[in-house]
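Enquirer: This is the structure I want to talk about, given as structure tokens.
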Amino acid sequence: MYKISEFTEMTGLSKETLRYYAEVKLLEPALIDPNNNYRYYDDGSYFLAILLVKLRGFGFTVQEMLSVMEDESFAHLEDLLIQNREKIKMQIENLRQRIEEIDEFLVSGKEENG
């Protein structure tokens, strides 16, 4: 078992994030000591926390992460990752188009002034 301070160091998740994840039932401590309310996490918690860190890094919302956690077989995870990848590709394409528009605007401004 790991104390919350140890667990934050291991996972990179802040205490506030861990408390929030517990509140929304995303990642609950393996044990809460009834005497002092200290939170303890186990190796299974560690696996889930690392998965959550990855998903958050991929841009998943809390709701999407909840969906993944509710599907304990993780069968739906691949579909969500593919959808997320496609969404990112679209965002990249939109940004490329904006860059082109900015470049065209800059060129047209130089032509008018030159």
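Identifiers in this document derive from the order of the structure tokens: chains are assigned A, B, ..., residues are numbered from 1 separately in each chain, and ligands are numbered from 1 in order of occurrence.
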Among the residues of stretch 14-102 of chain A, find those DSSP assigns to strand (DSSP E or B) from the backbone and print them as a ChimeraX atom specification.

Expert: /A:31-32,39-41

Enquirer: Could you name the residues that touch A:Lys87 at 12 Å or less, counting only C-alpha atoms, but leaving out those on the same chain fewer than 5 positions away, as a ChimeraX atom specification?

Expert: /A:58-60,80-82,92-94

Enquirer: Which is closest to A:Asn84 among A:Leu55, A:Ala22, A:Val107, A:Ile99, if we use only C-alpha atoms?

Expert: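 Under the stated criterion, the closest residue is A:Leu55.
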
Enquirer: Which residues, written as a PDB file with all heavy atoms, in the first residue's frame, have at least one atom at most 10 Å from A:Leu27, with only C-alpha atoms counted and residues fewer than 4 positions away on the same chain left out?

Expert:
```pdb
ATOM      1  N   THR A  17      -5.781  16.274  -7.731  1.00  0.00           N
ATOM      2  CA  THR A  17      -6.318  15.468  -8.836  1.00  0.00           C
ATOM      3  C   THR A  17      -6.792  14.123  -8.326  1.00  0.00           C
ATOM      4  O   THR A  17      -7.875  13.661  -8.698  1.00  0.00           O
ATOM      5  CB  THR A  17      -5.246  15.285  -9.939  1.00  0.00           C
ATOM      6  OG1 THR A  17      -4.897  16.570 -10.456  1.00  0.00           O
ATOM      7  CG2 THR A  17      -5.759  14.395 -11.064  1.00  0.00           C
ATOM      8  N   LEU A  18      -6.017  13.502  -7.453  1.00  0.00           N
ATOM      9  CA  LEU A  18      -6.429  12.205  -6.893  1.00  0.00           C
ATOM     10  C   LEU A  18      -7.724  12.334  -6.098  1.00  0.00           C
ATOM     11  O   LEU A  18      -8.602  11.474  -6.197  1.00  0.00           O
ATOM     12  CB  LEU A  18      -5.317  11.617  -6.021  1.00  0.00           C
ATOM     13  CG  LEU A  18      -4.099  11.089  -6.777  1.00  0.00           C
ATOM     14  CD1 LEU A  18      -2.977  10.742  -5.804  1.00  0.00           C
ATOM     15  CD2 LEU A  18      -4.474   9.877  -7.626  1.00  0.00           C
ATOM     16  N   ARG A  19      -7.856  13.404  -5.351  1.00  0.00           N
ATOM     17  CA  ARG A  19      -9.094  13.619  -4.590  1.00  0.00           C
ATOM     18  C   ARG A  19     -10.278  13.826  -5.536  1.00  0.00           C
ATOM     19  O   ARG A  19     -11.364  13.306  -5.321  1.00  0.00           O
ATOM     20  CB  ARG A  19      -8.936  14.799  -3.634  1.00  0.00           C
ATOM     21  CG  ARG A  19      -8.053  14.463  -2.447  1.00  0.00           C
ATOM     22  CD  ARG A  19      -8.006  15.599  -1.422  1.00  0.00           C
ATOM     23  NE  ARG A  19      -7.079  15.272  -0.360  1.00  0.00           N
ATOM     24  CZ  ARG A  19      -5.879  15.817  -0.212  1.00  0.00           C
ATOM     25  NH1 ARG A  19      -5.465  16.752  -1.040  1.00  0.00           N
ATOM     26  NH2 ARG A  19      -5.094  15.453   0.775  1.00  0.00           N
ATOM     27  N   TYR A  20     -10.035  14.603  -6.588  1.00  0.00           N
ATOM     28  CA  TYR A  20     -11.099  14.832  -7.574  1.00  0.00           C
ATOM     29  C   TYR A  20     -11.472  13.529  -8.286  1.00  0.00           C
ATOM     30  O   TYR A  20     -12.662  13.225  -8.441  1.00  0.00           O
ATOM     31  CB  TYR A  20     -10.665  15.891  -8.594  1.00  0.00           C
ATOM     32  CG  TYR A  20     -11.670  16.073  -9.701  1.00  0.00           C
ATOM     33  CD1 TYR A  20     -12.912  16.657  -9.454  1.00  0.00           C
ATOM     34  CD2 TYR A  20     -11.396  15.632 -10.992  1.00  0.00           C
ATOM     35  CE1 TYR A  20     -13.850  16.811 -10.462  1.00  0.00           C
ATOM     36  CE2 TYR A  20     -12.326  15.782 -12.012  1.00  0.00           C
ATOM     37  CZ  TYR A  20     -13.552  16.373 -11.738  1.00  0.00           C
ATOM     38  OH  TYR A  20     -14.475  16.511 -12.747  1.00  0.00           O
ATOM     39  N   TYR A  21     -10.473  12.757  -8.697  1.00  0.00           N
ATOM     40  CA  TYR A  21     -10.745  11.482  -9.361  1.00  0.00           C
ATOM     41  C   TYR A  21     -11.527  10.543  -8.447  1.00  0.00           C
ATOM     42  O   TYR A  21     -12.397   9.802  -8.905  1.00  0.00           O
ATOM     43  CB  TYR A  21      -9.448  10.817  -9.821  1.00  0.00           C
ATOM     44  CG  TYR A  21      -8.828  11.414 -11.063  1.00  0.00           C
ATOM     45  CD1 TYR A  21      -7.638  10.929 -11.569  1.00  0.00           C
ATOM     46  CD2 TYR A  21      -9.426  12.486 -11.755  1.00  0.00           C
ATOM     47  CE1 TYR A  21      -7.062  11.459 -12.723  1.00  0.00           C
ATOM     48  CE2 TYR A  21      -8.851  13.015 -12.887  1.00  0.00           C
ATOM     49  CZ  TYR A  21      -7.670  12.500 -13.373  1.00  0.00           C
ATOM     50  OH  TYR A  21      -7.109  13.023 -14.513  1.00  0.00           O
ATOM     51  N   ALA A  22     -11.245  10.576  -7.147  1.00  0.00           N
ATOM     52  CA  ALA A  22     -12.002   9.762  -6.195  1.00  0.00           C
ATOM     53  C   ALA A  22     -13.433  10.269  -6.090  1.00  0.00           C
ATOM     54  O   ALA A  22     -14.387   9.481  -6.054  1.00  0.00           O
ATOM     55  CB  ALA A  22     -11.323   9.766  -4.829  1.00  0.00           C
ATOM     56  N   GLU A  23     -13.583  11.595  -6.078  1.00  0.00           N
ATOM     57  CA  GLU A  23     -14.914  12.217  -5.951  1.00  0.00           C
ATOM     58  C   GLU A  23     -15.820  11.840  -7.127  1.00  0.00           C
ATOM     59  O   GLU A  23     -17.007  11.587  -6.942  1.00  0.00           O
ATOM     60  CB  GLU A  23     -14.737  13.734  -5.892  1.00  0.00           C
ATOM     61  CG  GLU A  23     -16.006  14.516  -5.697  1.00  0.00           C
ATOM     62  CD  GLU A  23     -15.726  16.016  -5.685  1.00  0.00           C
ATOM     63  OE1 GLU A  23     -14.781  16.439  -4.990  1.00  0.00           O
ATOM     64  OE2 GLU A  23     -16.450  16.746  -6.393  1.00  0.00           O
ATOM     65  N   TYR A  41      -3.231   3.619  -1.659  1.00  0.00           N
ATOM     66  CA  TYR A  41      -3.400   3.070  -3.004  1.00  0.00           C
ATOM     67  C   TYR A  41      -2.562   1.813  -3.127  1.00  0.00           C
ATOM     68  O   TYR A  41      -1.554   1.644  -2.437  1.00  0.00           O
ATOM     69  CB  TYR A  41      -2.972   4.109  -4.044  1.00  0.00           C
ATOM     70  CG  TYR A  41      -3.848   5.341  -4.029  1.00  0.00           C
ATOM     71  CD1 TYR A  41      -3.591   6.394  -3.157  1.00  0.00           C
ATOM     72  CD2 TYR A  41      -4.944   5.440  -4.867  1.00  0.00           C
ATOM     73  CE1 TYR A  41      -4.412   7.524  -3.129  1.00  0.00           C
ATOM     74  CE2 TYR A  41      -5.764   6.566  -4.845  1.00  0.00           C
ATOM     75  CZ  TYR A  41      -5.485   7.592  -3.976  1.00  0.00           C
ATOM     76  OH  TYR A  41      -6.297   8.695  -3.949  1.00  0.00           O
ATOM     77  N   SER A  45      -4.287   0.223  -8.287  1.00  0.00           N
ATOM     78  CA  SER A  45      -4.529   1.663  -8.402  1.00  0.00           C
ATOM     79  C   SER A  45      -3.455   2.307  -9.262  1.00  0.00           C
ATOM     80  O   SER A  45      -3.730   3.220 -10.042  1.00  0.00           O
ATOM     81  CB  SER A  45      -4.509   2.332  -7.029  1.00  0.00           C
ATOM     82  OG  SER A  45      -5.431   1.747  -6.149  1.00  0.00           O
ATOM     83  N   TYR A  46      -2.220   1.820  -9.107  1.00  0.00           N
ATOM     84  CA  TYR A  46      -1.103   2.375  -9.870  1.00  0.00           C
ATOM     85  C   TYR A  46      -1.329   2.157 -11.371  1.00  0.00           C
ATOM     86  O   TYR A  46      -1.174   3.077 -12.172  1.00  0.00           O
ATOM     87  CB  TYR A  46       0.217   1.740  -9.427  1.00  0.00           C
ATOM     88  CG  TYR A  46       1.391   2.203 -10.253  1.00  0.00           C
ATOM     89  CD1 TYR A  46       1.924   3.479 -10.068  1.00  0.00           C
ATOM     90  CD2 TYR A  46       1.949   1.383 -11.220  1.00  0.00           C
ATOM     91  CE1 TYR A  46       2.992   3.919 -10.827  1.00  0.00           C
ATOM     92  CE2 TYR A  46       3.007   1.821 -11.990  1.00  0.00           C
ATOM     93  CZ  TYR A  46       3.532   3.083 -11.795  1.00  0.00           C
ATOM     94  OH  TYR A  46       4.575   3.524 -12.564  1.00  0.00           O
ATOM     95  N   LEU A  48      -4.140   1.748 -12.980  1.00  0.00           N
ATOM     96  CA  LEU A  48      -5.221   2.626 -13.429  1.00  0.00           C
ATOM     97  C   LEU A  48      -4.773   4.087 -13.504  1.00  0.00           C
ATOM     98  O   LEU A  48      -5.126   4.806 -14.437  1.00  0.00           O
ATOM     99  CB  LEU A  48      -6.434   2.489 -12.509  1.00  0.00           C
ATOM    100  CG  LEU A  48      -7.143   1.130 -12.555  1.00  0.00           C
ATOM    101  CD1 LEU A  48      -8.259   1.088 -11.524  1.00  0.00           C
ATOM    102  CD2 LEU A  48      -7.677   0.841 -13.938  1.00  0.00           C
ATOM    103  N   ALA A  49      -3.977   4.507 -12.532  1.00  0.00           N
ATOM    104  CA  ALA A  49      -3.495   5.891 -12.519  1.00  0.00           C
ATOM    105  C   ALA A  49      -2.616   6.167 -13.736  1.00  0.00           C
ATOM    106  O   ALA A  49      -2.756   7.215 -14.379  1.00  0.00           O
ATOM    107  CB  ALA A  49      -2.726   6.168 -11.229  1.00  0.00           C
ATOM    108  N   LEU A  52      -4.785   6.528 -16.689  1.00  0.00           N
ATOM    109  CA  LEU A  52      -5.452   7.839 -16.673  1.00  0.00           C
ATOM    110  C   LEU A  52      -4.506   8.964 -17.086  1.00  0.00           C
ATOM    111  O   LEU A  52      -4.899   9.871 -17.820  1.00  0.00           O
ATOM    112  CB  LEU A  52      -6.040   8.126 -15.287  1.00  0.00           C
ATOM    113  CG  LEU A  52      -7.217   7.238 -14.887  1.00  0.00           C
ATOM    114  CD1 LEU A  52      -7.592   7.483 -13.422  1.00  0.00           C
ATOM    115  CD2 LEU A  52      -8.405   7.460 -15.794  1.00  0.00           C
ATOM    116  N   LEU A  66     -14.039   8.208 -17.721  1.00  0.00           N
ATOM    117  CA  LEU A  66     -15.030   7.434 -16.959  1.00  0.00           C
ATOM    118  C   LEU A  66     -15.601   6.319 -17.815  1.00  0.00           C
ATOM    119  O   LEU A  66     -15.790   5.192 -17.344  1.00  0.00           O
ATOM    120  CB  LEU A  66     -16.155   8.343 -16.457  1.00  0.00           C
ATOM    121  CG  LEU A  66     -15.871   9.144 -15.200  1.00  0.00           C
ATOM    122  CD1 LEU A  66     -16.918  10.227 -14.995  1.00  0.00           C
ATOM    123  CD2 LEU A  66     -15.794   8.226 -13.988  1.00  0.00           C
ATOM    124  N   MET A  69     -13.112   3.553 -17.906  1.00  0.00           N
ATOM    125  CA  MET A  69     -13.020   2.841 -16.628  1.00  0.00           C
ATOM    126  C   MET A  69     -14.255   1.975 -16.359  1.00  0.00           C
ATOM    127  O   MET A  69     -14.148   0.925 -15.744  1.00  0.00           O
ATOM    128  CB  MET A  69     -12.828   3.833 -15.474  1.00  0.00           C
ATOM    129  CG  MET A  69     -11.502   4.501 -15.472  1.00  0.00           C
ATOM    130  SD  MET A  69     -10.169   3.303 -15.336  1.00  0.00           S
ATOM    131  CE  MET A  69      -8.918   4.095 -16.286  1.00  0.00           C
TER     132      MET A  69
END
```
